[in-house]
Amino acid sequence: MAVSEENSSPNADNPNTVSPPSRPARFIQRWAWLIALVLVTIYAGLTFSASLGKGASYDESEELAVGYDIWLHQDFRMEGANGDLVKRWATLPFLVSKPSFPGAENPDWLKAAPYGLGYQFFFGSGNESAQLLRQGRLMVVLLGVATALLVFYCSKEVFGPLGGLFSLALFVFSPDMLAFGGIVSTEMSLCLALLGATWCIWRLLHKVTWGRLLASMGFLALLFLAKATALVIFPITAVLVAIKIFSGEPLEWQLGRSRVFSSHTAQGGIFLGLFAIHGIFCWAAVWAHYDFRYAASPDQADPKILAWRHTSEVAPNPTLEKIITWSRTEKILPEGYLDGMDLLLSENLKRLTFMHGKWALGREPTFFPYAIWAKTSPVLLLLLGLGTGWWVWRRIQIVREQKVRPASASRPRPIFYQAVPYVALIAVFFTVAVGQNLNIAHRHILPIYPAFDILAGGFVGWVWSQRQRFIREVIVVLLVWYAHDAVAIYPNYLAYFSPAVGGSAHGYQNLVESSLDWGMDLPKLKTWLNQHNPRDRDIFYLAYFGTDNPDYYQIKSTRLPSFPAWESEGRYDLMPGIYAISATLFESFYIENEGPWNKHYESEYQNCLQILRKYNAGIKSPEQMSVLMKQYALFKKLRFNRLCAWLRHNRQPDDNVGHSILIWRLTQGEIDEALYGAPAELVENSPLIVNKNAG
């Protein structure tokens, strides 16, 4: 059992001296679970209500379509890299509401195109997309609630009821947990499964009971179904086993006849056996998910049903590719699961990174440290920093005490030892993430945040237990600041940025993609247009990043180059009017000519201008018209990028929608200067062009 910090009053002679619990402490002990349920209810209300005004995120339509397809057709061809746990879980309500599905003859279904299928499911099958989102997101809220309760229980186990409540409060008012608690994506399921698996494994390494064994196997199976990122549990487990064996702590065996094992050899043998049991169980769980069928296709005999295949010319990791190929040959794992592993590896190939106004290609070791700095409340970072210092101090105190009085098996384990699984989760996951090439979004580091909350909350609980009025007042101020930030950014939790980097108003200058802009603000854009551009009195241009549908919200616009390809066809000029540009596209990310405006792009742009002027003087044949239209297609993309480069250096946005869609009112003079004046931004080459030239 852990020493409850609320019940202890450490002194200089013995930091583990326990004094009688105070009246507030008795109240906390008695009502801790009730308070926790109230906090969890607040979390559920905040995250779900915030999601109601948001459109579909980039991945939600395909996540829900693929999940429903699995239930309907046992079809495992699509998007295995993101795991199927959240897909199946979020679409459980569809088995009751029974929305229309595009059908087995749909071209996107036949060719295993998940995003096209998602678009058809949301906007081409007669369904109400808002209702589909509500049902799916409500299920994800339940995952968030489960994660919150697990954070409370884990922290309570180590730091006592007060520490548990502080950890839970940090989770409840975390903008990151609030954001992804209301989005159908893998993040919350991965947070829950990874924390649960790490916690259960650590407990099992100390005492083997039927309950602990079943819980550990269950969480581990959920983890491997949540996302292929589950492989990180192997190094985490290795760290936990090493610390456990070399700590000298005994292992209690309570399956059948109770025994205690103290030798390293005996414990190592038991751990190998437990590892084998877990491996067999997870392997069986994966096969059960895939209906014990190797083939990903629901009907291999039908040649019209195509299978997805990884087609990258460069193997991202030759060793892993060989393992996957061998697994396919021997049918060790289902085809759909192996396809997902292939896709995950291909996603880790070199991609463009945007961070703090700069672009880079491939691995950027500072990306995730910067993302944590930019997207995390200063309060949480401060508490983590102080908590780390406290953790080290407690460790020194214990070592000094053991020199005077040897440790006894009857005494409670030191708190720093009980906190090992959460430190290991953070350290290993962070190290693995930094070593990857996929540096595009803060959400890829999100699973460390529940462990952050546990450690920081435990520190707050210990500080509070010192019963010093000034310290408690400081804690109250910090927690009020922390909660205020979450309430102030409502409902735009995804757009939270620390005041250390300029806050949400300057978020687009720091990080983009799903760290800020995941295509969810079209409903709010429609509201903005109704207020600021009634009856479409001004020309409206839209560059949109996302898979939601502007037509669904009756947004009338001339569509600038976007991602995916929403651009208006044919020829159009840029005129004075309202320009709404998704932050991701504004930073020249996810479009054809990525990165900063450079000499190569400028040369192409000027060449296009000359050709267009020449042909505009007199087109005399269909062949000339064909050349003109091809050149104009390139020109539109380059023109848009040049406009964005000019805006980056000359004009702050006049307004924004949800901080993710930036809005300007541009005059003819500004447009002419941006398109025909000297380039406002001109570097030697963008990272992407440099890489192409090197290849």
# chains A, B, ... in the order shown; residues from 1 in each chain; ligands from 1
>>> residues_around(residues="segment 83-93 of chain A", least_positions_apart="2", cutoff="7 Å", atoms="only C-alpha atoms", output="MDAnalysis selection string")
chainID A and resid 63:64 66:68 80:81 95:97 135:137 139:140 185:186 189 225:228
>>> write_last_selection(atoms="N, CA, C and O atoms", output="tab-separated table (two decimals), in the first residue's frame")
chain	number	residue	atom	x	y	z
A	63	GLU	N	-13.05	7.05	-40.77
A	63	GLU	CA	-13.04	6.18	-39.59
A	63	GLU	C	-14.42	5.55	-39.38
A	63	GLU	O	-14.55	4.34	-39.14
A	64	LEU	N	-15.46	6.37	-39.49
A	64	LEU	CA	-16.82	5.88	-39.25
A	64	LEU	C	-17.29	5.00	-40.40
A	64	LEU	O	-17.97	3.98	-40.18
A	66	VAL	N	-15.37	3.16	-42.45
A	66	VAL	CA	-14.64	1.91	-42.41
A	66	VAL	C	-15.12	1.04	-41.25
A	66	VAL	O	-15.28	-0.18	-41.39
A	67	GLY	N	-15.37	1.65	-40.10
A	67	GLY	CA	-15.87	0.88	-38.96
A	67	GLY	C	-17.22	0.24	-39.24
A	67	GLY	O	-17.46	-0.94	-38.92
A	68	TYR	N	-18.11	1.02	-39.84
A	68	TYR	CA	-19.44	0.48	-40.17
A	68	TYR	C	-19.32	-0.62	-41.23
A	68	TYR	O	-20.04	-1.63	-41.19
A	80	GLY	N	-5.91	0.03	-41.96
A	80	GLY	CA	-5.54	-0.73	-40.76
A	80	GLY	C	-4.49	-0.05	-39.91
A	80	GLY	O	-4.35	-0.38	-38.74
A	81	ALA	N	-3.74	0.91	-40.47
A	81	ALA	CA	-2.68	1.56	-39.70
A	81	ALA	C	-3.23	2.32	-38.51
A	81	ALA	O	-2.56	2.47	-37.49
A	95	LEU	N	-25.36	0.17	-35.52
A	95	LEU	CA	-26.05	-1.11	-35.61
A	95	LEU	C	-27.51	-1.00	-35.17
A	95	LEU	O	-28.33	-1.86	-35.50
A	96	VAL	N	-27.79	0.09	-34.44
A	96	VAL	CA	-29.18	0.35	-34.01
A	96	VAL	C	-29.83	1.37	-34.94
A	96	VAL	O	-30.95	1.17	-35.42
A	97	SER	N	-29.13	2.48	-35.22
A	97	SER	CA	-29.71	3.54	-36.07
A	97	SER	C	-29.74	3.16	-37.54
A	97	SER	O	-30.53	3.71	-38.31
A	135	GLN	N	-23.31	10.41	-32.86
A	135	GLN	CA	-23.32	9.04	-32.35
A	135	GLN	C	-21.90	8.52	-32.15
A	135	GLN	O	-21.58	7.91	-31.12
A	136	GLY	N	-21.04	8.74	-33.15
A	136	GLY	CA	-19.67	8.26	-33.03
A	136	GLY	C	-18.89	8.98	-31.94
A	136	GLY	O	-18.15	8.35	-31.17
A	137	ARG	N	-19.07	10.27	-31.85
A	137	ARG	CA	-18.32	11.05	-30.85
A	137	ARG	C	-18.77	10.73	-29.44
A	137	ARG	O	-17.95	10.77	-28.50
A	139	MET	N	-19.50	7.88	-28.29
A	139	MET	CA	-18.76	6.68	-27.90
A	139	MET	C	-17.32	7.01	-27.53
A	139	MET	O	-16.75	6.40	-26.61
A	140	VAL	N	-16.72	7.97	-28.23
A	140	VAL	CA	-15.36	8.38	-27.90
A	140	VAL	C	-15.33	9.11	-26.57
A	140	VAL	O	-14.38	8.99	-25.79
A	185	SER	N	-11.15	9.40	-33.45
A	185	SER	CA	-9.78	9.14	-33.90
A	185	SER	C	-9.17	8.13	-32.95
A	185	SER	O	-9.74	7.80	-31.91
A	186	THR	N	-7.99	7.65	-33.28
A	186	THR	CA	-7.37	6.60	-32.47
A	186	THR	C	-6.78	7.11	-31.17
A	186	THR	O	-6.45	6.32	-30.29
A	189	SER	N	-8.42	6.12	-27.66
A	189	SER	CA	-8.35	4.67	-27.41
A	189	SER	C	-6.92	4.25	-27.12
A	189	SER	O	-6.67	3.37	-26.28
A	225	LEU	N	-5.15	-3.76	-30.73
A	225	LEU	CA	-6.24	-3.46	-31.66
A	225	LEU	C	-6.42	-1.95	-31.84
A	225	LEU	O	-7.06	-1.52	-32.80
A	226	ALA	N	-5.85	-1.16	-30.91
A	226	ALA	CA	-6.03	0.29	-30.98
A	226	ALA	C	-5.22	0.91	-32.11
A	226	ALA	O	-5.71	1.76	-32.86
A	227	LYS	N	-3.95	0.49	-32.24
A	227	LYS	CA	-3.09	1.05	-33.28
A	227	LYS	C	-1.79	0.27	-33.31
A	227	LYS	O	-1.37	-0.28	-32.29
A	228	ALA	N	-1.15	0.24	-34.47
A	228	ALA	CA	0.11	-0.49	-34.58
A	228	ALA	C	1.20	0.13	-33.70
A	228	ALA	O	2.23	-0.51	-33.44
>>> select_by_dssp(residues="segment 217-442 of chain A", states="strand (DSSP E)", output="list of chain:residue names")
A:Leu251, A:Glu252, A:Trp253, A:Arg259, A:Val260, A:Phe261, A:Leu352, A:Thr353, A:Phe354, A:Met355, A:Lys358, A:Trp359, A:Ala360, A:Leu361
>>> write_last_selection(atoms="all heavy atoms", output="short mmCIF file (atom, residue, chain, number, x, y, z; two decimals), in the first residue's frame")
data_model
loop_
_atom_site.label_atom_id
_atom_site.label_comp_id
_atom_site.auth_asym_id
_atom_site.auth_seq_id
_atom_site.Cartn_x
_atom_site.Cartn_y
_atom_site.Cartn_z
N LEU A 251 8.59 -11.19 -5.64
CA LEU A 251 7.43 -11.43 -6.50
C LEU A 251 6.49 -12.38 -5.77
O LEU A 251 6.88 -13.50 -5.41
CB LEU A 251 7.87 -12.04 -7.84
CG LEU A 251 6.74 -12.58 -8.74
CD1 LEU A 251 5.81 -11.45 -9.18
CD2 LEU A 251 7.31 -13.30 -9.94
N GLU A 252 5.26 -11.95 -5.56
CA GLU A 252 4.26 -12.79 -4.91
C GLU A 252 3.47 -13.56 -5.97
O GLU A 252 2.97 -12.97 -6.93
CB GLU A 252 3.29 -11.93 -4.08
CG GLU A 252 3.96 -11.17 -2.96
CD GLU A 252 2.95 -10.36 -2.16
OE1 GLU A 252 1.88 -10.91 -1.82
OE2 GLU A 252 3.22 -9.17 -1.93
N TRP A 253 3.36 -14.85 -5.77
CA TRP A 253 2.60 -15.72 -6.68
C TRP A 253 1.36 -16.21 -5.96
O TRP A 253 1.45 -16.89 -4.94
CB TRP A 253 3.47 -16.90 -7.11
CG TRP A 253 2.77 -17.85 -8.04
CD1 TRP A 253 1.98 -18.90 -7.71
CD2 TRP A 253 2.80 -17.82 -9.47
NE1 TRP A 253 1.51 -19.54 -8.82
CE2 TRP A 253 2.00 -18.90 -9.93
CE3 TRP A 253 3.42 -17.00 -10.41
CZ2 TRP A 253 1.81 -19.17 -11.28
CZ3 TRP A 253 3.24 -17.28 -11.74
CH2 TRP A 253 2.44 -18.34 -12.18
N ARG A 259 3.15 -18.30 -3.06
CA ARG A 259 4.58 -18.39 -2.88
C ARG A 259 5.20 -17.02 -3.09
O ARG A 259 4.58 -16.14 -3.71
CB ARG A 259 5.20 -19.40 -3.86
CG ARG A 259 4.72 -20.83 -3.68
CD ARG A 259 5.45 -21.76 -4.62
NE ARG A 259 6.89 -21.77 -4.34
CZ ARG A 259 7.79 -22.46 -5.07
NH1 ARG A 259 7.37 -23.15 -6.13
NH2 ARG A 259 9.07 -22.42 -4.76
N VAL A 260 6.41 -16.86 -2.61
CA VAL A 260 7.16 -15.62 -2.80
C VAL A 260 8.50 -15.97 -3.44
O VAL A 260 9.23 -16.82 -2.92
CB VAL A 260 7.38 -14.86 -1.47
CG1 VAL A 260 8.25 -13.62 -1.70
CG2 VAL A 260 6.05 -14.46 -0.86
N PHE A 261 8.82 -15.31 -4.58
CA PHE A 261 10.08 -15.54 -5.28
C PHE A 261 10.96 -14.30 -5.16
O PHE A 261 10.53 -13.19 -5.49
CB PHE A 261 9.82 -15.86 -6.76
CG PHE A 261 9.01 -17.11 -6.98
CD1 PHE A 261 7.63 -17.04 -7.09
CD2 PHE A 261 9.63 -18.34 -7.06
CE1 PHE A 261 6.88 -18.19 -7.29
CE2 PHE A 261 8.89 -19.50 -7.26
CZ PHE A 261 7.51 -19.43 -7.38
N LEU A 352 7.27 16.46 -45.00
CA LEU A 352 7.56 17.85 -44.64
C LEU A 352 7.03 18.15 -43.25
O LEU A 352 5.95 17.69 -42.86
CB LEU A 352 6.93 18.80 -45.65
CG LEU A 352 7.45 20.24 -45.65
CD1 LEU A 352 8.91 20.27 -46.10
CD2 LEU A 352 6.60 21.11 -46.56
N THR A 353 7.79 18.89 -42.49
CA THR A 353 7.43 19.30 -41.13
C THR A 353 7.36 20.82 -41.08
O THR A 353 8.22 21.51 -41.63
CB THR A 353 8.49 18.80 -40.12
OG1 THR A 353 8.50 17.38 -40.11
CG2 THR A 353 8.18 19.31 -38.72
N PHE A 354 6.33 21.34 -40.41
CA PHE A 354 6.24 22.78 -40.17
C PHE A 354 6.24 23.02 -38.67
O PHE A 354 5.48 22.40 -37.93
CB PHE A 354 4.98 23.38 -40.78
CG PHE A 354 4.81 24.84 -40.47
CD1 PHE A 354 5.51 25.80 -41.18
CD2 PHE A 354 3.98 25.25 -39.43
CE1 PHE A 354 5.39 27.14 -40.88
CE2 PHE A 354 3.83 26.59 -39.12
CZ PHE A 354 4.54 27.55 -39.85
N MET A 355 7.09 23.95 -38.23
CA MET A 355 7.23 24.21 -36.81
C MET A 355 7.78 25.61 -36.60
O MET A 355 8.85 25.95 -37.13
CB MET A 355 8.17 23.18 -36.18
CG MET A 355 8.48 23.38 -34.71
SD MET A 355 9.69 22.16 -34.11
CE MET A 355 11.15 22.67 -35.02
N LYS A 358 8.99 27.58 -39.60
CA LYS A 358 10.05 27.00 -40.40
C LYS A 358 9.61 25.64 -40.92
O LYS A 358 8.81 24.95 -40.31
CB LYS A 358 11.34 26.87 -39.59
CG LYS A 358 11.89 28.21 -39.09
CD LYS A 358 13.20 28.01 -38.35
CE LYS A 358 13.71 29.34 -37.78
NZ LYS A 358 13.98 30.33 -38.80
N TRP A 359 10.18 25.26 -42.07
CA TRP A 359 9.88 23.98 -42.69
C TRP A 359 11.13 23.10 -42.67
O TRP A 359 12.25 23.59 -42.77
CB TRP A 359 9.45 24.17 -44.14
CG TRP A 359 8.18 24.94 -44.34
CD1 TRP A 359 6.93 24.43 -44.54
CD2 TRP A 359 8.05 26.36 -44.40
NE1 TRP A 359 6.02 25.45 -44.70
CE2 TRP A 359 6.68 26.65 -44.61
CE3 TRP A 359 8.94 27.44 -44.27
CZ2 TRP A 359 6.19 27.95 -44.72
CZ3 TRP A 359 8.45 28.73 -44.37
CH2 TRP A 359 7.10 28.97 -44.59
N ALA A 360 10.91 21.80 -42.53
CA ALA A 360 12.02 20.85 -42.58
C ALA A 360 11.49 19.56 -43.20
O ALA A 360 10.29 19.30 -43.21
CB ALA A 360 12.58 20.58 -41.19
N LEU A 361 12.39 18.76 -43.73
CA LEU A 361 12.00 17.51 -44.37
C LEU A 361 12.52 16.33 -43.55
O LEU A 361 13.68 16.28 -43.19
CB LEU A 361 12.56 17.42 -45.79
CG LEU A 361 12.06 16.22 -46.61
CD1 LEU A 361 10.58 16.40 -46.94
CD2 LEU A 361 12.87 16.08 -47.89
#
>>> closest_atom_pairs(of="segment 391-508 of chain A", to="segment 40-45 of chain A", cutoff="12 Å", atoms="only C-alpha atoms", output="CSV")
residue,atom,partner,partner_atom,distance
A:Ala483,CA,A:Tyr43,CA,11.4
A:Ala486,CA,A:Tyr43,CA,10.7
A:Val487,CA,A:Tyr43,CA,11.2
A:Tyr490,CA,A:Gly45,CA,11.7
A:Pro491,CA,A:Gly45,CA,11.4
>>> closest_residue(among="A:Thr376, A:Thr388, A:Ser465, A:Ser514", to="Tyr496 of chain A", atoms="only C-alpha atoms")
A:Thr376
>>> residues_around(residues="Pro114 of chain A", least_positions_apart="2", cutoff="10 Å", atoms="only C-alpha atoms", output="ChimeraX atom specification")
/A:59,61-66,77-79,108-109,111-112,116-120
>>> residues_around(residues="Gly126 of chain A", least_positions_apart="2", cutoff="12 Å", atoms="only C-alpha atoms", output="list in words")
Pro99, Ser100, Phe101, Pro102, Tyr119, Gln120, Phe121, Phe122, Phe123, Gly124, Glu128, Ser129, Gln131, Leu132 and Tyr552 of chain A
>>> write_last_selection(atoms="N, CA and C atoms", output="PDB file, in the first residue's frame")
ATOM      1  N   PRO A  99     -27.756   3.629 -40.438  1.00  0.00           N
ATOM      2  CA  PRO A  99     -27.648   4.600 -41.541  1.00  0.00           C
ATOM      3  C   PRO A  99     -27.397   3.882 -42.858  1.00  0.00           C
ATOM      4  N   SER A 100     -27.667   4.582 -43.954  1.00  0.00           N
ATOM      5  CA  SER A 100     -27.446   4.003 -45.280  1.00  0.00           C
ATOM      6  C   SER A 100     -25.955   3.909 -45.566  1.00  0.00           C
ATOM      7  N   PHE A 101     -25.570   2.813 -46.201  1.00  0.00           N
ATOM      8  CA  PHE A 101     -24.169   2.631 -46.578  1.00  0.00           C
ATOM      9  C   PHE A 101     -24.068   2.718 -48.096  1.00  0.00           C
ATOM     10  N   PRO A 102     -22.964   3.258 -48.636  1.00  0.00           N
ATOM     11  CA  PRO A 102     -22.868   3.446 -50.086  1.00  0.00           C
ATOM     12  C   PRO A 102     -23.164   2.209 -50.918  1.00  0.00           C
ATOM     13  N   TYR A 119     -16.568  10.002 -47.725  1.00  0.00           N
ATOM     14  CA  TYR A 119     -17.306  11.126 -48.308  1.00  0.00           C
ATOM     15  C   TYR A 119     -18.669  10.666 -48.814  1.00  0.00           C
ATOM     16  N   GLN A 120     -18.711   9.524 -49.467  1.00  0.00           N
ATOM     17  CA  GLN A 120     -19.982   9.000 -49.961  1.00  0.00           C
ATOM     18  C   GLN A 120     -20.915   8.642 -48.807  1.00  0.00           C
ATOM     19  N   PHE A 121     -20.358   8.080 -47.746  1.00  0.00           N
ATOM     20  CA  PHE A 121     -21.155   7.702 -46.577  1.00  0.00           C
ATOM     21  C   PHE A 121     -21.775   8.925 -45.921  1.00  0.00           C
ATOM     22  N   PHE A 122     -21.006  10.014 -45.840  1.00  0.00           N
ATOM     23  CA  PHE A 122     -21.482  11.223 -45.160  1.00  0.00           C
ATOM     24  C   PHE A 122     -22.382  12.077 -46.050  1.00  0.00           C
ATOM     25  N   PHE A 123     -22.035  12.186 -47.333  1.00  0.00           N
ATOM     26  CA  PHE A 123     -22.703  13.186 -48.164  1.00  0.00           C
ATOM     27  C   PHE A 123     -23.368  12.626 -49.426  1.00  0.00           C
ATOM     28  N   GLY A 124     -23.222  11.335 -49.672  1.00  0.00           N
ATOM     29  CA  GLY A 124     -23.796  10.785 -50.895  1.00  0.00           C
ATOM     30  C   GLY A 124     -24.746   9.634 -50.694  1.00  0.00           C
ATOM     31  N   GLU A 128     -27.652  12.000 -42.457  1.00  0.00           N
ATOM     32  CA  GLU A 128     -27.429  13.297 -41.816  1.00  0.00           C
ATOM     33  C   GLU A 128     -26.061  13.235 -41.149  1.00  0.00           C
ATOM     34  N   SER A 129     -25.084  13.934 -41.725  1.00  0.00           N
ATOM     35  CA  SER A 129     -23.709  13.803 -41.237  1.00  0.00           C
ATOM     36  C   SER A 129     -23.576  14.230 -39.776  1.00  0.00           C
ATOM     37  N   GLN A 131     -25.678  13.810 -37.410  1.00  0.00           N
ATOM     38  CA  GLN A 131     -26.136  12.715 -36.569  1.00  0.00           C
ATOM     39  C   GLN A 131     -25.096  11.598 -36.499  1.00  0.00           C
ATOM     40  N   LEU A 132     -24.465  11.296 -37.623  1.00  0.00           N
ATOM     41  CA  LEU A 132     -23.404  10.293 -37.617  1.00  0.00           C
ATOM     42  C   LEU A 132     -22.279  10.707 -36.676  1.00  0.00           C
ATOM     43  N   TYR A 552     -22.368  21.151 -48.223  1.00  0.00           N
ATOM     44  CA  TYR A 552     -23.315  20.664 -47.216  1.00  0.00           C
ATOM     45  C   TYR A 552     -23.801  21.814 -46.325  1.00  0.00           C
TER      46      TYR A 552
END
>>> select_by_dssp(residues="segment 71-232 of chain A", states="alpha helix (DSSP H)", output="JSON, numbers by chain")
{"A": [71, 72, 73, 85, 86, 87, 88, 89, 90, 94, 95, 96, 97, 107, 108, 109, 110, 114, 115, 116, 117, 118, 119, 120, 121, 122, 123, 129, 130, 131, 132, 133, 134, 135, 136, 137, 138, 139, 140, 141, 142, 143, 144, 145, 146, 147, 148, 149, 150, 151, 152, 153, 154, 155, 156, 157, 158, 159, 160, 161, 162, 163, 164, 165, 166, 167, 168, 169, 170, 171, 172, 175, 176, 177, 178, 179, 180, 186, 187, 188, 189, 190, 191, 192, 193, 194, 195, 196, 197, 198, 199, 200, 201, 202, 203, 204, 210, 211, 212, 213, 214, 215, 216, 217, 218, 219, 220, 221, 222, 223, 224, 225, 226]}
>>> atom_distance(atom1="atom CA of Asp299 of chain A", atom2="atom CA of His73 of chain A")
9.4 Å
>>> closest_residue(among="A:Ala441, A:Leu192, A:Ile489, A:Ala179", to="Ala374 of chain A", atoms="only C-alpha atoms")
A:Ala441
>>> atom_distance(atom1="atom CA of Glu513 of chain A", atom2="atom CA of Ser582 of chain A")
9.5 Å
>>> closest_residue(among="A:Lys54, A:Asp551, A:Lys637, A:Ala580", to="Glu567 of chain A", atoms="only C-alpha atoms")
A:Lys637
>>> closest_atom_pairs(of="segment 384-473 of chain A", to="segment 515-532 of chain A", cutoff="9 Å", atoms="only C-alpha atoms", output="tab-separated table")
residue	atom	partner	partner_atom	distance
A:Ile440	CA	A:Ser515	CA	8.2
A:Ala441	CA	A:Ser515	CA	5.3
A:His442	CA	A:Ser515	CA	5.3
A:Arg443	CA	A:Ser515	CA	6.7
>>> closest_residue(among="A:Ser216, A:Asn492, A:Pro378, A:Cys282", to="Gly53 of chain A", atoms="only C-alpha atoms")
A:Asn492
>>> residues_around(residues="Trp597 of chain A", least_positions_apart="3", cutoff="7 Å", atoms="only C-alpha atoms", output="list in words")
Tyr601, Arg642, Ala645, Glu681, Leu682 and Val683 of chain A
>>> atom_distance(atom1="atom CA of Leu306 of chain A", atom2="atom CA of Tyr115 of chain A")
15.4 Å
>>> residues_around(residues="segment 161-170 of chain A", least_positions_apart="6", cutoff="7 Å", atoms="only C-alpha atoms", output="list in words")
Glu6, Ile28, Gln29, Ala32, Ala36, Leu39, Ala148, Val151, Phe152, Tyr153, Ser155, Asp453, Ile454, Ala456, Gly457, Gly458, Val460 and Gly461 of chain A
>>> decode(residues="segment 436-448 of chain A", atoms="N, CA and C atoms", output="PDB file, in the first residue's frame")
ATOM      1  N   GLN A 436      11.198   9.095 -34.950  1.00  0.00           N
ATOM      2  CA  GLN A 436      10.412   8.837 -36.143  1.00  0.00           C
ATOM      3  C   GLN A 436      10.485  10.014 -37.120  1.00  0.00           C
ATOM      4  N   ASN A 437      10.104   9.732 -38.368  1.00  0.00           N
ATOM      5  CA  ASN A 437      10.051  10.779 -39.395  1.00  0.00           C
ATOM      6  C   ASN A 437       8.707  11.490 -39.432  1.00  0.00           C
ATOM      7  N   LEU A 438       7.698  10.920 -38.768  1.00  0.00           N
ATOM      8  CA  LEU A 438       6.341  11.459 -38.845  1.00  0.00           C
ATOM      9  C   LEU A 438       6.181  12.607 -37.856  1.00  0.00           C
ATOM     10  N   ASN A 439       6.742  13.754 -38.192  1.00  0.00           N
ATOM     11  CA  ASN A 439       6.698  14.931 -37.311  1.00  0.00           C
ATOM     12  C   ASN A 439       5.707  15.946 -37.862  1.00  0.00           C
ATOM     13  N   ILE A 440       4.418  15.601 -37.854  1.00  0.00           N
ATOM     14  CA  ILE A 440       3.434  16.511 -38.435  1.00  0.00           C
ATOM     15  C   ILE A 440       2.384  16.962 -37.439  1.00  0.00           C
ATOM     16  N   ALA A 441       2.261  16.277 -36.290  1.00  0.00           N
ATOM     17  CA  ALA A 441       1.146  16.621 -35.406  1.00  0.00           C
ATOM     18  C   ALA A 441       1.461  16.298 -33.949  1.00  0.00           C
ATOM     19  N   HIS A 442       1.036  17.191 -33.086  1.00  0.00           N
ATOM     20  CA  HIS A 442       1.205  17.013 -31.652  1.00  0.00           C
ATOM     21  C   HIS A 442       0.462  15.789 -31.144  1.00  0.00           C
ATOM     22  N   ARG A 443      -0.631  15.393 -31.805  1.00  0.00           N
ATOM     23  CA  ARG A 443      -1.445  14.280 -31.317  1.00  0.00           C
ATOM     24  C   ARG A 443      -0.674  12.963 -31.293  1.00  0.00           C
ATOM     25  N   HIS A 444       0.400  12.863 -32.068  1.00  0.00           N
ATOM     26  CA  HIS A 444       1.157  11.619 -32.088  1.00  0.00           C
ATOM     27  C   HIS A 444       1.960  11.407 -30.812  1.00  0.00           C
ATOM     28  N   ILE A 445       2.021  12.402 -29.948  1.00  0.00           N
ATOM     29  CA  ILE A 445       2.696  12.262 -28.652  1.00  0.00           C
ATOM     30  C   ILE A 445       1.674  12.258 -27.510  1.00  0.00           C
ATOM     31  N   LEU A 446       0.394  12.297 -27.845  1.00  0.00           N
ATOM     32  CA  LEU A 446      -0.671  12.472 -26.854  1.00  0.00           C
ATOM     33  C   LEU A 446      -0.708  11.392 -25.771  1.00  0.00           C
ATOM     34  N   PRO A 447      -0.370  10.122 -26.049  1.00  0.00           N
ATOM     35  CA  PRO A 447      -0.479   9.099 -25.000  1.00  0.00           C
ATOM     36  C   PRO A 447       0.380   9.336 -23.766  1.00  0.00           C
ATOM     37  N   ILE A 448       1.333  10.261 -23.805  1.00  0.00           N
ATOM     38  CA  ILE A 448       2.123  10.521 -22.599  1.00  0.00           C
ATOM     39  C   ILE A 448       1.392  11.455 -21.639  1.00  0.00           C
TER      40      ILE A 448
END
